[in-house]
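Participant: Got coords-v8.json for you, JSON, C-alpha atoms and all ligand atoms:
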```
[["chain", "number", "residue", "atom", "x", "y", "z"],
["W", 124, "MET", "CA", 15.04, -57.30, -25.95],
["W", 125, "SER", "CA", 17.58, -54.68, -24.93],
["W", 126, "LEU", "CA", 19.52, -54.98, -21.71],
["W", 127, "THR", "CA", 20.52, -51.32, -21.56],
["W", 128, "THR", "CA", 19.57, -49.23, -18.56],
["W", 129, "PHE", "CA", 20.73, -45.95, -17.18],
["W", 130, "SER", "CA", 23.69, -46.44, -14.89],
["W", 131, "THR", "CA", 23.44, -44.62, -11.57],
["W", 132, "GLU", "CA", 26.80, -43.03, -12.36],
["W", 133, "ARG", "CA", 25.36, -41.39, -15.47],
["W", 134, "ALA", "CA", 22.15, -40.32, -13.83],
["W", 135, "GLY", "CA", 24.04, -38.65, -11.00],
["W", 136, "ALA", "CA", 26.89, -37.19, -12.95],
["W", 137, "ARG", "CA", 24.95, -35.52, -15.73],
["W", 138, "VAL", "CA", 22.79, -33.21, -13.75],
["W", 139, "GLY", "CA", 24.43, -30.78, -11.44],
["W", 140, "ARG", "CA", 27.52, -32.71, -10.40],
["W", 141, "ASP", "CA", 29.53, -32.75, -13.61],
["W", 142, "THR", "CA", 31.99, -29.88, -13.47],
["W", 143, "ASP", "CA", 32.34, -29.63, -17.28],
["W", 144, "LEU", "CA", 28.62, -29.43, -18.00],
["W", 145, "PRO", "CA", 26.23, -26.81, -16.78],
["W", 146, "THR", "CA", 23.15, -27.98, -14.94],
["W", 147, "LYS", "CA", 19.80, -28.77, -16.53],
["W", 148, "VAL", "CA", 19.03, -26.60, -19.54],
["W", 149, "THR", "CA", 15.82, -24.60, -19.15],
["W", 150, "ALA", "CA", 14.01, -22.12, -21.33],
["W", 151, "PRO", "CA", 15.32, -19.14, -19.29],
["W", 152, "SER", "CA", 18.87, -20.51, -19.32],
["W", 153, "LEU", "CA", 18.95, -20.16, -23.12],
["W", 154, "LEU", "CA", 18.46, -16.42, -22.72],
["W", 155, "GLN", "CA", 21.45, -16.44, -20.40],
["W", 156, "LYS", "CA", 23.50, -18.14, -23.12],
["W", 157, "LYS", "CA", 22.61, -15.37, -25.55],
["W", 158, "LEU", "CA", 23.66, -12.73, -23.03],
["W", 159, "LEU", "CA", 26.97, -14.53, -22.48],
["W", 160, "ARG", "CA", 27.37, -14.99, -26.26],
["W", 161, "GLN", "CA", 27.61, -18.76, -25.84],
["W", 162, "PRO", "CA", 26.25, -20.60, -28.92],
["W", 163, "ILE", "CA", 23.14, -22.72, -28.30],
["W", 164, "THR", "CA", 23.40, -26.26, -29.65],
["W", 165, "ALA", "CA", 20.22, -28.00, -30.78],
["W", 166, "VAL", "CA", 19.25, -31.02, -32.83],
["W", 167, "THR", "CA", 16.15, -33.05, -33.51],
["W", 168, "ALA", "CA", 15.62, -36.53, -32.09],
["W", 169, "TYR", "CA", 12.59, -38.75, -32.16],
["W", 170, "ASP", "CA", 13.43, -41.91, -30.21],
["W", 171, "TYR", "CA", 14.99, -43.02, -26.94],
["W", 172, "ALA", "CA", 18.34, -44.26, -28.30],
["W", 173, "SER", "CA", 19.26, -41.25, -30.40],
["W", 174, "ALA", "CA", 17.93, -38.79, -27.82],
["W", 175, "ARG", "CA", 20.11, -40.44, -25.20],
["W", 176, "LEU", "CA", 23.18, -40.04, -27.41],
["W", 177, "VAL", "CA", 22.32, -36.38, -27.98],
["W", 178, "ASP", "CA", 21.92, -35.80, -24.25],
["W", 179, "GLU", "CA", 25.17, -37.58, -23.44],
["W", 180, "ALA", "CA", 26.93, -35.44, -26.06],
["W", 181, "GLY", "CA", 25.93, -32.37, -24.03],
["W", 182, "LEU", "CA", 23.71, -30.58, -26.54],
["W", 183, "ASP", "CA", 21.39, -27.93, -25.09],
["W", 184, "VAL", "CA", 18.10, -28.58, -26.87],
["W", 185, "VAL", "CA", 16.36, -31.64, -28.29],
["W", 186, "LEU", "CA", 13.46, -30.88, -30.59],
["W", 187, "VAL", "CA", 10.99, -33.63, -31.34],
["W", 188, "GLY", "CA", 10.35, -32.00, -34.70],
["W", 189, "ASP", "CA", 7.41, -32.69, -36.96],
["W", 190, "SER", "CA", 10.17, -33.46, -39.48],
["W", 191, "LEU", "CA", 9.69, -36.96, -38.05],
["W", 192, "ALA", "CA", 6.80, -37.26, -40.50],
["W", 193, "MET", "CA", 9.44, -37.33, -43.24],
["W", 194, "VAL", "CA", 12.47, -39.01, -41.69],
["W", 195, "MET", "CA", 10.73, -41.50, -39.37],
["W", 196, "GLN", "CA", 7.45, -42.12, -41.17],
["W", 197, "GLY", "CA", 8.45, -41.66, -44.82],
["W", 198, "HIS", "CA", 5.91, -38.95, -45.68],
["W", 199, "GLU", "CA", 6.66, -36.44, -48.43],
["W", 200, "ASN", "CA", 6.19, -33.44, -46.11],
["W", 201, "THR", "CA", 5.46, -32.73, -42.44],
["W", 202, "LEU", "CA", 1.70, -32.25, -42.72],
["W", 203, "ALA", "CA", 0.38, -35.74, -41.98],
["W", 204, "VAL", "CA", 1.78, -36.38, -38.51],
["W", 205, "THR", "CA", -0.88, -36.27, -35.77],
["W", 206, "MET", "CA", -0.92, -35.10, -32.16],
["W", 207, "ASP", "CA", -1.10, -38.67, -30.89],
["W", 208, "GLU", "CA", 1.90, -39.70, -32.97],
["W", 209, "MET", "CA", 3.92, -36.67, -31.82],
["W", 210, "LEU", "CA", 3.09, -37.53, -28.21],
["W", 211, "LEU", "CA", 4.26, -41.10, -28.68],
["W", 212, "TYR", "CA", 7.66, -40.05, -30.05],
["W", 213, "THR", "CA", 8.03, -37.31, -27.42],
["W", 214, "ARG", "CA", 7.50, -39.81, -24.58],
["W", 215, "GLY", "CA", 10.39, -41.96, -25.81],
["W", 216, "VAL", "CA", 12.67, -38.95, -26.00],
["W", 217, "ARG", "CA", 11.56, -37.79, -22.52],
["W", 218, "ARG", "CA", 12.81, -41.04, -21.01],
["W", 219, "ALA", "CA", 16.26, -40.46, -22.53],
["W", 220, "LEU", "CA", 16.95, -36.90, -21.47],
["W", 221, "ARG", "CA", 18.62, -35.78, -18.26],
["W", 222, "ARG", "CA", 20.10, -32.41, -19.17],
["W", 223, "ALA", "CA", 18.86, -31.13, -22.52],
["W", 224, "LEU", "CA", 15.71, -29.03, -22.84],
["W", 225, "LEU", "CA", 12.91, -31.05, -24.45],
["W", 226, "VAL", "CA", 10.90, -29.06, -27.00],
["W", 227, "ALA", "CA", 7.95, -30.68, -28.78],
["W", 228, "ASP", "CA", 6.82, -29.46, -32.17],
["W", 229, "MET", "CA", 3.11, -28.75, -32.50],
["W", 230, "PRO", "CA", 1.98, -30.60, -35.62],
["W", 231, "PHE", "CA", 0.01, -29.09, -38.50],
["W", 232, "GLY", "CA", -3.67, -28.76, -37.57],
["W", 233, "SER", "CA", -3.09, -28.85, -33.81],
["W", 234, "TYR", "CA", -3.12, -25.05, -33.37],
["W", 235, "GLN", "CA", -4.08, -23.36, -36.64],
["W", 236, "THR", "CA", -7.83, -23.66, -36.37],
["W", 237, "ASP", "CA", -8.65, -22.61, -32.83],
["W", 238, "GLU", "CA", -6.58, -20.99, -30.07],
["W", 239, "ARG", "CA", -8.32, -22.91, -27.29],
["W", 240, "GLU", "CA", -7.48, -26.14, -29.05],
["W", 241, "GLY", "CA", -3.90, -24.93, -29.52],
["W", 242, "VAL", "CA", -3.51, -24.30, -25.79],
["W", 243, "ALA", "CA", -5.12, -27.66, -24.97],
["W", 244, "ASN", "CA", -2.71, -29.45, -27.31],
["W", 245, "ALA", "CA", 0.30, -27.63, -25.86],
["W", 246, "VAL", "CA", -0.86, -28.77, -22.41],
["W", 247, "ARG", "CA", -1.04, -32.37, -23.68],
["W", 248, "PHE", "CA", 2.64, -32.25, -24.65],
["W", 249, "VAL", "CA", 3.62, -31.21, -21.13],
["W", 250, "LYS", "CA", 1.16, -33.38, -19.24],
["W", 251, "GLU", "CA", 1.17, -36.56, -21.32],
["W", 252, "ALA", "CA", 4.72, -36.56, -22.73],
["W", 253, "GLY", "CA", 6.89, -34.51, -20.38],
["W", 254, "ALA", "CA", 7.80, -31.76, -22.87],
["W", 255, "GLU", "CA", 9.31, -28.63, -21.33],
["W", 256, "ALA", "CA", 8.36, -26.30, -24.17],
["W", 257, "VAL", "CA", 6.50, -26.37, -27.48],
["W", 258, "LYS", "CA", 7.41, -24.96, -30.87],
["W", 259, "LEU", "CA", 4.94, -23.57, -33.36],
["W", 260, "GLU", "CA", 5.24, -21.96, -36.78],
["W", 261, "GLY", "CA", 4.05, -18.52, -37.86],
["W", 262, "GLY", "CA", 4.32, -14.82, -37.04],
["W", 263, "ARG", "CA", 1.88, -12.07, -36.04],
["W", 264, "GLU", "CA", -1.11, -14.33, -36.64],
["W", 265, "ARG", "CA", 0.09, -16.53, -33.73],
["W", 266, "LYS", "CA", 0.55, -13.68, -31.25],
["W", 267, "GLU", "CA", -2.60, -14.35, -29.27],
["W", 268, "LEU", "CA", -2.00, -18.10, -29.26],
["W", 269, "VAL", "CA", 1.58, -17.65, -28.01],
["W", 270, "ARG", "CA", 0.30, -15.36, -25.24],
["W", 271, "ARG", "CA", -2.27, -17.91, -24.14],
["W", 272, "VAL", "CA", 0.15, -20.84, -24.16],
["W", 273, "VAL", "CA", 2.69, -18.81, -22.19],
["W", 274, "ASP", "CA", -0.13, -17.84, -19.78],
["W", 275, "ALA", "CA", -0.71, -21.57, -19.35],
["W", 276, "GLU", "CA", 2.91, -21.75, -18.07],
["W", 277, "ILE", "CA", 4.30, -23.41, -21.18],
["W", 278, "PRO", "CA", 7.37, -21.86, -22.82],
["W", 279, "VAL", "CA", 6.96, -21.33, -26.57],
["W", 280, "MET", "CA", 9.63, -21.42, -29.27],
["W", 281, "GLY", "CA", 8.65, -19.55, -32.44],
["W", 282, "HIS", "CA", 9.57, -20.56, -35.98],
["W", 283, "LEU", "CA", 9.83, -18.12, -38.92],
["W", 284, "GLY", "CA", 11.20, -18.09, -42.47],
["W", 285, "LEU", "CA", 10.86, -21.36, -44.33],
["W", 286, "THR", "CA", 8.06, -22.86, -42.25],
["W", 287, "PRO", "CA", 7.49, -26.39, -43.58],
["W", 288, "GLN", "CA", 3.83, -26.47, -42.51],
["W", 289, "SER", "CA", 3.24, -23.68, -45.08],
["W", 290, "VAL", "CA", 4.75, -25.72, -47.92],
["W", 291, "HIS", "CA", 1.66, -25.37, -50.10],
["W", 292, "ARG", "CA", 1.36, -21.62, -49.58],
["W", 293, "MET", "CA", 5.10, -21.14, -50.26],
["W", 294, "GLY", "CA", 4.92, -23.34, -53.37],
["W", 295, "GLY", "CA", 7.71, -25.62, -52.15],
["W", 296, "TYR", "CA", 10.67, -25.42, -49.79],
["W", 297, "LYS", "CA", 12.21, -22.09, -50.81],
["W", 298, "VAL", "CA", 14.49, -19.64, -49.06],
["W", 299, "GLN", "CA", 12.31, -16.88, -47.56],
["W", 300, "GLY", "CA", 12.92, -13.21, -46.76],
["W", 301, "LYS", "CA", 14.60, -12.16, -49.99],
["W", 302, "THR", "CA", 12.58, -9.07, -50.99],
["W", 303, "MET", "CA", 12.31, -5.81, -49.05],
["W", 304, "GLU", "CA", 8.66, -6.57, -48.29],
["W", 305, "ALA", "CA", 9.44, -10.09, -47.06],
["W", 306, "ILE", "CA", 12.32, -8.80, -44.95],
["W", 307, "ASP", "CA", 10.08, -6.21, -43.29],
["W", 308, "GLU", "CA", 7.39, -8.83, -42.68],
["W", 309, "LEU", "CA", 9.80, -11.24, -41.06],
["W", 310, "ARG", "CA", 11.33, -8.56, -38.81],
["W", 311, "THR", "CA", 7.87, -7.48, -37.70],
["W", 312, "ASP", "CA", 6.85, -11.10, -37.07],
["W", 313, "ALA", "CA", 9.98, -11.76, -35.02],
["W", 314, "LEU", "CA", 9.33, -8.74, -32.78],
["W", 315, "ALA", "CA", 5.68, -9.75, -32.42],
["W", 316, "LEU", "CA", 6.64, -13.25, -31.26],
["W", 317, "GLU", "CA", 9.14, -11.87, -28.78],
["W", 318, "ASP", "CA", 6.52, -9.44, -27.51],
["W", 319, "ALA", "CA", 4.01, -12.29, -27.15],
["W", 320, "GLY", "CA", 6.44, -14.14, -24.87],
["W", 321, "CYS", "CA", 8.40, -16.63, -26.99],
["W", 322, "PHE", "CA", 11.62, -17.67, -25.25],
["W", 323, "ALA", "CA", 13.49, -18.45, -28.49],
["W", 324, "LEU", "CA", 12.97, -18.26, -32.23],
["W", 325, "VAL", "CA", 13.93, -20.73, -34.95],
["W", 326, "LEU", "CA", 14.92, -19.01, -38.20],
["W", 327, "GLU", "CA", 14.83, -21.46, -41.08],
["W", 328, "GLY", "CA", 15.91, -20.94, -44.69],
["W", 329, "VAL", "CA", 16.56, -17.21, -44.66],
["W", 330, "PRO", "CA", 19.52, -15.18, -45.94],
["W", 331, "ARG", "CA", 22.38, -14.89, -43.49],
["W", 332, "GLU", "CA", 22.14, -11.08, -43.54],
["W", 333, "LEU", "CA", 18.50, -11.12, -42.47],
["W", 334, "ALA", "CA", 19.13, -13.68, -39.73],
["W", 335, "ARG", "CA", 21.85, -11.46, -38.37],
["W", 336, "ILE", "CA", 19.62, -8.37, -38.29],
["W", 337, "VAL", "CA", 16.84, -10.29, -36.51],
["W", 338, "THR", "CA", 19.33, -11.80, -34.05],
["W", 339, "GLU", "CA", 20.58, -8.32, -33.18],
["W", 340, "GLU", "CA", 17.07, -6.87, -32.92],
["W", 341, "LEU", "CA", 15.75, -9.53, -30.54],
["W", 342, "THR", "CA", 16.43, -10.03, -26.85],
["W", 343, "ILE", "CA", 15.48, -13.70, -27.10],
["W", 344, "PRO", "CA", 17.90, -16.10, -28.80],
["W", 345, "THR", "CA", 17.57, -17.09, -32.45],
["W", 346, "ILE", "CA", 18.34, -20.67, -33.46],
["W", 347, "GLY", "CA", 19.19, -21.02, -37.13],
["W", 348, "ILE", "CA", 18.78, -23.78, -39.66],
["W", 349, "GLY", "CA", 19.89, -22.66, -43.09],
["W", 350, "ALA", "CA", 20.17, -19.13, -41.68],
["W", 351, "GLY", "CA", 23.93, -18.69, -41.49],
["W", 352, "PRO", "CA", 26.39, -18.54, -38.59],
["W", 353, "ASP", "CA", 25.27, -15.31, -36.92],
["W", 354, "CYS", "CA", 22.28, -16.75, -35.06],
["W", 355, "ASP", "CA", 22.57, -17.34, -31.32],
["W", 356, "GLY", "CA", 22.42, -21.09, -31.90],
["W", 357, "GLN", "CA", 22.09, -23.76, -34.56],
["W", 358, "ILE", "CA", 19.77, -26.70, -35.08],
["W", 359, "LEU", "CA", 19.93, -29.55, -37.59],
["W", 360, "VAL", "CA", 17.69, -32.50, -38.32],
["W", 361, "LEU", "CA", 19.57, -35.49, -36.89],
["W", 362, "HIS", "CA", 18.83, -37.70, -39.90],
["W", 363, "ASP", "CA", 20.26, -35.05, -42.27],
["W", 364, "MET", "CA", 23.54, -34.68, -40.41],
["W", 365, "MET", "CA", 23.94, -38.48, -40.06],
["W", 366, "ASN", "CA", 23.06, -39.28, -43.70],
["W", 367, "MET", "CA", 19.91, -41.11, -42.72],
["W", 368, "ALA", "CA", 17.36, -38.98, -44.59],
["W", 369, "PHE", "CA", 17.23, -40.62, -48.04],
["W", 370, "SER", "CA", 16.90, -37.22, -49.74],
["W", 371, "ASN", "CA", 19.11, -34.69, -51.49],
["W", 372, "ARG", "CA", 21.17, -32.84, -48.94],
["W", 373, "ALA", "CA", 20.30, -29.14, -48.65],
["W", 374, "LYS", "CA", 23.12, -26.59, -48.95],
["W", 375, "PHE", "CA", 23.04, -25.80, -45.23],
["W", 376, "VAL", "CA", 23.37, -29.40, -44.03],
["W", 377, "ARG", "CA", 26.79, -30.59, -42.99],
["W", 378, "GLN", "CA", 27.12, -34.37, -42.87],
["W", 379, "TYR", "CA", 28.83, -35.34, -39.62],
["W", 380, "ALA", "CA", 28.63, -39.11, -40.04],
["W", 381, "ASP", "CA", 27.56, -41.69, -42.59],
["W", 382, "VAL", "CA", 25.29, -43.77, -40.38],
["W", 383, "SER", "CA", 23.37, -45.26, -43.31],
["W", 384, "GLY", "CA", 26.70, -46.37, -44.84],
["W", 385, "LEU", "CA", 27.74, -48.02, -41.56],
["W", 386, "MET", "CA", 24.36, -49.74, -41.22],
["W", 387, "ARG", "CA", 24.42, -50.99, -44.81],
["W", 388, "GLU", "CA", 27.86, -52.55, -44.23],
["W", 389, "ALA", "CA", 26.86, -54.07, -40.90],
["W", 390, "LEU", "CA", 23.63, -55.53, -42.30],
["W", 391, "ALA", "CA", 25.41, -57.02, -45.33],
["W", 392, "GLU", "CA", 27.98, -58.62, -43.01],
["W", 393, "TYR", "CA", 25.28, -60.03, -40.73],
["W", 394, "ARG", "CA", 23.46, -61.47, -43.72],
["W", 395, "ARG", "CA", 26.70, -63.09, -44.96],
["W", 396, "ASP", "CA", 27.39, -64.59, -41.51],
["W", 397, "VAL", "CA", 23.90, -66.05, -41.12],
["W", 398, "GLU", "CA", 23.90, -67.47, -44.64],
["W", 399, "ALA", "CA", 27.38, -68.99, -44.05],
["W", 400, "ARG", "CA", 26.25, -70.30, -40.62],
["W", 401, "THR", "CA", 29.13, -68.49, -38.92],
["W", 402, "PHE", "CA", 26.67, -66.59, -36.72],
["W", 403, "PRO", "CA", 25.96, -67.36, -33.95],
["W", 404, "SER", "CA", 29.12, -69.12, -32.75],
["W", 405, "ASP", "CA", 29.25, -71.58, -29.87],
["W", 406, "ALA", "CA", 30.52, -68.77, -27.66],
["W", 407, "GLU", "CA", 27.42, -66.77, -28.54],
["W", 408, "SER", "CA", 25.15, -69.66, -27.47],
["W", 409, "TYR", "CA", 23.72, -70.70, -24.10],
["W", 410, "HIS", "CA", 24.55, -74.22, -22.84],
["W", 411, "LEU", "CA", 23.06, -76.87, -20.66],
["W", 412, "SER", "CA", 25.05, -77.71, -17.55],
["W", 413, "ARG", "CA", 27.33, -80.77, -17.71],
["W", 414, "GLU", "CA", 24.88, -82.63, -15.40],
["W", 415, "MET", "CA", 21.92, -81.87, -17.63],
["W", 416, "ARG", "CA", 23.86, -82.86, -20.75],
["W", 417, "GLU", "CA", 24.79, -86.20, -19.15],
["W", 418, "LEU", "CA", 21.23, -86.76, -17.98],
["W", 419, "MET", "CA", 19.92, -86.10, -21.47],
["W", 420, "GLY", "CA", 22.74, -87.98, -23.22],
["W", 421, "VAL", "CA", 23.75, -85.01, -25.39],
["W", 422, "GLN", "CA", 27.26, -83.95, -26.32],
["W", 423, "ALA", "CA", 28.60, -80.43, -25.88],
["W", 424, "GLU", "CA", 28.74, -78.94, -29.39],
["W", 425, "VAL", "CA", 32.27, -77.98, -30.37],
["W", 426, "VAL", "CA", 32.13, -75.42, -33.09],
["W", 427, "GLY", "CA", 35.31, -74.08, -34.59],
["H", 1, "LIG", "O1", 10.58, -30.25, -37.46],
["H", 1, "LIG", "C1", 11.77, -29.88, -37.40],
["H", 1, "LIG", "O2", 12.70, -30.68, -37.44],
["H", 1, "LIG", "C2", 12.03, -28.46, -37.28],
["H", 1, "LIG", "C3", 13.45, -28.01, -37.35],
["H", 1, "LIG", "C4", 13.88, -28.03, -38.76],
["H", 1, "LIG", "C5", 13.66, -26.69, -36.74],
["H", 1, "LIG", "O3", 11.13, -27.69, -37.16]]
```
Any chance you could put this one into structure tokens?

Facilitator:
Amino acid sequence: MSLTTFSTERAGARVGRDTDLPTKVTAPSLLQKKLLRQPITAVTAYDYASARLVDEAGLDVVLVGDSLAMVMQGHENTLAVTMDEMLLYTRGVRRALRRALLVADMPFGSYQTDEREGVANAVRFVKEAGAEAVKLEGGRERKELVRRVVDAEIPVMGHLGLTPQSVHRMGGYKVQGKTMEAIDELRTDALALEDAGCFALVLEGVPRELARIVTEELTIPTIGIGAGPDCDGQILVLHDMMNMAFSNRAKFVRQYADVSGLMREALAEYRRDVEARTFPSDAESYHLSREMRELMGVQAEVVG
């Protein structure tokens, strides 16, 4: 059982009334940030508690990424996670957010086979989980799908470069856009996605120089991960930056905290306390009233 709830102070202060923070982040407001040259801050989150911390920290975008297949479910890649599972995680995050824009990642197989099905699945994220936008991977081949999802009033975030759902085609997780041909392809894809109506574009695992060119060529903001500092914003997988991913850290990941280290220490201490019977203490216990103790003929326990 958890006794945490939103305080009314928080609920009121975060949206609209806090002078330090802008009001609710929306898909169009990210474009405004690009125009004002204000960096967009984004991170993944998959559950209520961490999403609430992200929101309270004032980040702009929370992505319920399909990376959850790896960091929450222990899969080797992102391919196995299903629509129903993505919806479940997205609902938990929805309940945590007050200010940040909630983007849900369309999982592998939910949009590749049929555009009608892709639109229907995007609608499910909005209707059943409260997402405010969806993200999908791919370039020109997604143009029609992006148009249709946008026509259904759902903002779409594109994703180019190292697209993890193409891991088998790419032959592993490799930096993309290194040859002249690949550079041309990616630039054409980026313009096609913008033309189709995407409101932002994730650039993953591409050379800094290419990310910069694309960022300058597009009107919509680019959000980089392993794409250098010249994008309009940055995104990281929360579990990577907190050392919770149980994998080798990629070059582009900066570790901001050692949460797994803290948890290991805390769990070892808890185990020691339980085994030594020093947890729980008397002060951490509930007690019968004096009258009840007398009635039952039991002594108050005095524990040192
Ligand atoms: O699934 C995910 O976490 C992502 C980010 C890496 C952008 O797509």

Participant: Neighbours of ligand LIG 1 (chain H) within 6 Å, counting all atoms listed in the file, as a list in words?

Facilitator: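 Result of the 6 Å neighbour search around ligand LIG 1 (chain H): Thr167, Gly188, Asp189, Ser190 and Val360 of chain W.
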
Participant: With only C-alpha atoms as the basis for distance, which of W:Arg217, W:Val148, W:Ala203, W:Leu268 is at the shortest distance from Gln235 in chain W?

Facilitator: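 Answer, going by the shortest atom-to-atom distance: W:Leu268.
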
Participant: Within 10 Å of range 191-198 of chain W, counting all atoms listed in the file, which residues show up once you throw out same-chain ones fewer than 3 positions away? Write them as number ranges by chain, please.

Facilitator: W: 167-170, 187-188, 201-205, 208-209, 212, 228, 230, 360-363, 367-370

Participant: Emit the selected residues as an mmCIF file, keeping the file's coordinate frame, including C-alpha atoms.

Facilitator:
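Result file is again-v3.cif:
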```
data_model
loop_
_atom_site.group_PDB
_atom_site.id
_atom_site.type_symbol
_atom_site.label_atom_id
_atom_site.label_comp_id
_atom_site.auth_asym_id
_atom_site.auth_seq_id
_atom_site.Cartn_x
_atom_site.Cartn_y
_atom_site.Cartn_z
ATOM 1 C CA THR W 167 16.150 -33.050 -33.510
ATOM 2 C CA ALA W 168 15.620 -36.530 -32.090
ATOM 3 C CA TYR W 169 12.590 -38.750 -32.160
ATOM 4 C CA ASP W 170 13.430 -41.910 -30.210
ATOM 5 C CA VAL W 187 10.990 -33.630 -31.340
ATOM 6 C CA GLY W 188 10.350 -32.000 -34.700
ATOM 7 C CA THR W 201 5.460 -32.730 -42.440
ATOM 8 C CA LEU W 202 1.700 -32.250 -42.720
ATOM 9 C CA ALA W 203 0.380 -35.740 -41.980
ATOM 10 C CA VAL W 204 1.780 -36.380 -38.510
ATOM 11 C CA THR W 205 -0.880 -36.270 -35.770
ATOM 12 C CA GLU W 208 1.900 -39.700 -32.970
ATOM 13 C CA MET W 209 3.920 -36.670 -31.820
ATOM 14 C CA TYR W 212 7.660 -40.050 -30.050
ATOM 15 C CA ASP W 228 6.820 -29.460 -32.170
ATOM 16 C CA PRO W 230 1.980 -30.600 -35.620
ATOM 17 C CA VAL W 360 17.690 -32.500 -38.320
ATOM 18 C CA LEU W 361 19.570 -35.490 -36.890
ATOM 19 C CA HIS W 362 18.830 -37.700 -39.900
ATOM 20 C CA ASP W 363 20.260 -35.050 -42.270
ATOM 21 C CA MET W 367 19.910 -41.110 -42.720
ATOM 22 C CA ALA W 368 17.360 -38.980 -44.590
ATOM 23 C CA PHE W 369 17.230 -40.620 -48.040
ATOM 24 C CA SER W 370 16.900 -37.220 -49.740
#
```

Participant: What is the distance, in Å and to one decimal place, between CA of Met365 in chain W and CA of Gln378 in chain W?

Facilitator: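 So the two atoms, CA of Met365 in chain W and CA of Gln378 in chain W, lie 5.9 Å apart.
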
Participant: Please compute the CA of Ala315 in chain W-CA of Asp274 in chain W distance, one decimal, in Å.

Facilitator: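 Atom-to-atom, CA of Ala315 in chain W to CA of Asp274 in chain W, that is 16.1 Å.
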
Participant: Set the distance at 12 Å and use all atoms listed in the file: which residues neighbour Leu314 in chain W once local chain neighbours fewer than 6 positions away are removed? I'd like the list as a list in words.

Facilitator: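 In the requested form, the answer reads Gly262, Arg263, Lys266, Gly281, Leu283, Asp307, Glu308, Gly320, Cys321, Phe322, Ala323, Leu324, Ile336, Val337, Thr338, Glu339, Glu340, Leu341, Thr342, Ile343, Pro344 and Thr345 of chain W.
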
Participant: Near Ala275 in chain W, within 10 Å and counting all atoms listed in the file, which residues show up once chain neighbours fewer than 5 positions away are dropped, as a list in words?

Facilitator: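 Residues near the query, excluding close chain neighbours: Val242, Ala243, Ala245, Val246, Val269 and Arg270 of chain W.
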
Participant: Pick out the residues sitting within 10 Å of Pro287 in chain W, and hand them over as a ChimeraX atom specification; count all atoms listed in the file, and ignore anything fewer than 2 positions along from it in its own chain.

Facilitator: /W:189-190,200-202,231,260,282-285,289-293,295-297,327

Participant: When you look at Thr149 in chain W with a cut-off of 8 Å (counting only C-alpha atoms), what residues show up, excluding the ones that are within fewer than 4 positions of it in the same chain? I need them as an NGL selection string.

Facilitator: :W and (153 or 223-224 or 255)
